Amino acid sequence: ARKFLLLNWPPETARQQPSGTPRLSRVFCSADGLHWDWVGQDARFPHHHEQKVIWDESIQKWVGYSQYSHHQNFLWRKRQIGRQESADFIDWSPKEVTLSADWDANLPPDLEMHDMSVRKVGGLYIGITAEFMAEPFWQEGGGHNWRDQAFCRLGLYTSRDGKRWQRAGGPEAWVDNGPAGTQDYGFACSTAAGMLVHEGRIVIPYSANPQKQSWLSR
């Protein structure tokens with residue numbers, strides 16, 4: 001019954017939460033990948049709609065990487081990467097920041113970490129970040145800047161423990177946006193976690209959008 005496991009962040013549960021409380025996650029299981037059952041109660045510690053989970057054999061736990069940002073704390077508007085652990089996929093540790101653009105002086109100040117997928121090759125963790133090149137949008141009370149208008153590109157990181165990450169290469173994008181008119185001109189984002197190998201090559205699926213993210217277009 002639990003051959004397939006799923007973390008979900010359903011909008012209806014977010015709307016049901018009292019104002020100012022964290023949005024909660026749910027865990028679902030399935031025997032065939034088509035029909036899903038909700039497992040237990042809402043997860044105590046919220047995930048994110050771009051949660052990427054791998055099984056880490058070295059620590060015998062599920063490890064999830066997702067955005068840590070205004071979805072967890074509305075006083076903190078900048079997107080970073082958070083990390084959580086679980087022994088059973090149901091009960092998760094609190095999310096801790098494991099990667100932030102603020103920690104690298106070589107990165108531009110407008111760069112934020114939208115999400116990160118991770119795969120492990122031997123003892124090396126390889127992370128692919130979606131890098132949100134945020135533009136100022138509007139100011140809220142207290143000077144907080146809602147930065148939800150941006151192009152998004154991909155960056156490459158490595159780690160030996162899955163917690164401390166080092167950028168591979170310089171501040172440039174690992175995969176940049178395509179030219180105007182192409183599918184990934186606006187958004188190259190949301191890579192799949194884990195390993196997909198085809199004919200001896202690692203394949204990295206990612207989503208793409210010809211327009212940048214902008215609330216003005218909604």
# chains A, B, ... in the order shown; residues from 1 in each chain; ligands from 1
>>> select_by_dssp(residues="region 85-184 of chain A", states="helix (DSSP H, G or I)", output="list in words")
Ala101, Asp102, Trp103, Gly141, Gly142 and Gly143 of chain A
>>> write_last_selection(atoms="all heavy atoms", output="mmCIF file, in the first residue's frame")
data_model
loop_
_atom_site.group_PDB
_atom_site.id
_atom_site.type_symbol
_atom_site.label_atom_id
_atom_site.label_comp_id
_atom_site.auth_asym_id
_atom_site.auth_seq_id
_atom_site.Cartn_x
_atom_site.Cartn_y
_atom_site.Cartn_z
ATOM 1 N N ALA A 101 22.085 32.420 -1.085
ATOM 2 C CA ALA A 101 22.930 33.242 -1.950
ATOM 3 C C ALA A 101 23.680 34.293 -1.142
ATOM 4 O O ALA A 101 24.741 34.766 -1.562
ATOM 5 C CB ALA A 101 22.087 33.897 -3.038
ATOM 6 N N ASP A 102 23.149 34.655 0.023
ATOM 7 C CA ASP A 102 23.813 35.646 0.871
ATOM 8 C C ASP A 102 25.160 35.159 1.385
ATOM 9 O O ASP A 102 25.979 35.954 1.832
ATOM 10 C CB ASP A 102 22.923 36.012 2.066
ATOM 11 C CG ASP A 102 21.726 36.855 1.653
ATOM 12 O OD1 ASP A 102 21.723 37.377 0.524
ATOM 13 O OD2 ASP A 102 20.784 36.986 2.461
ATOM 14 N N TRP A 103 25.396 33.852 1.355
ATOM 15 C CA TRP A 103 26.638 33.297 1.876
ATOM 16 C C TRP A 103 27.782 33.352 0.867
ATOM 17 O O TRP A 103 28.907 32.999 1.194
ATOM 18 C CB TRP A 103 26.422 31.842 2.304
ATOM 19 C CG TRP A 103 25.383 31.680 3.373
ATOM 20 C CD1 TRP A 103 24.849 32.658 4.160
ATOM 21 C CD2 TRP A 103 24.746 30.456 3.777
ATOM 22 N NE1 TRP A 103 23.916 32.149 5.027
ATOM 23 C CE2 TRP A 103 23.825 30.793 4.816
ATOM 24 C CE3 TRP A 103 24.851 29.136 3.369
ATOM 25 C CZ2 TRP A 103 23.032 29.844 5.445
ATOM 26 C CZ3 TRP A 103 24.057 28.186 3.990
ATOM 27 C CH2 TRP A 103 23.166 28.537 5.022
ATOM 28 N N GLY A 141 4.571 47.412 4.365
ATOM 29 C CA GLY A 141 4.861 48.074 5.621
ATOM 30 C C GLY A 141 6.122 47.548 6.260
ATOM 31 O O GLY A 141 6.396 46.356 6.218
ATOM 32 N N GLY A 142 6.924 48.425 6.826
ATOM 33 C CA GLY A 142 8.187 48.025 7.422
ATOM 34 C C GLY A 142 9.306 47.902 6.418
ATOM 35 O O GLY A 142 10.414 47.474 6.765
ATOM 36 N N GLY A 143 9.060 48.249 5.158
ATOM 37 C CA GLY A 143 10.110 48.220 4.154
ATOM 38 C C GLY A 143 10.363 46.874 3.526
ATOM 39 O O GLY A 143 11.312 46.701 2.765
#
>>> closest_atom_pairs(of="region 54-161 of chain A", to="region 173-184 of chain A", cutoff="6 Å", atoms="only C-alpha atoms", output="tab-separated table")
residue	atom	partner	partner_atom	distance
A:Arg153	CA	A:Asp176	CA	5.2
A:Leu154	CA	A:Val175	CA	5.0
A:Gly155	CA	A:Trp174	CA	4.7
A:Leu156	CA	A:Trp174	CA	5.9
>>> residues_around(residues="region 51-61 of chain A", least_positions_apart="5", cutoff="8 Å", atoms="only C-alpha atoms", output="list in words")
Leu7, Ser66, Gln67, Glu85, Ser86, Ala87, Asp88, Asp115, Met116, Ser117, Val118, Arg119, Ala192, Ala193 and Gly194 of chain A
>>> atom_distance(atom1="CA of Tyr65 (chain A)", atom2="CA of Ile126 (chain A)")
12.3 Å
>>> closest_residue(among="A:Val27, A:Tyr68, A:Ala134, A:Gln166", to="Pro108 (chain A)", atoms="only C-alpha atoms")
A:Ala134
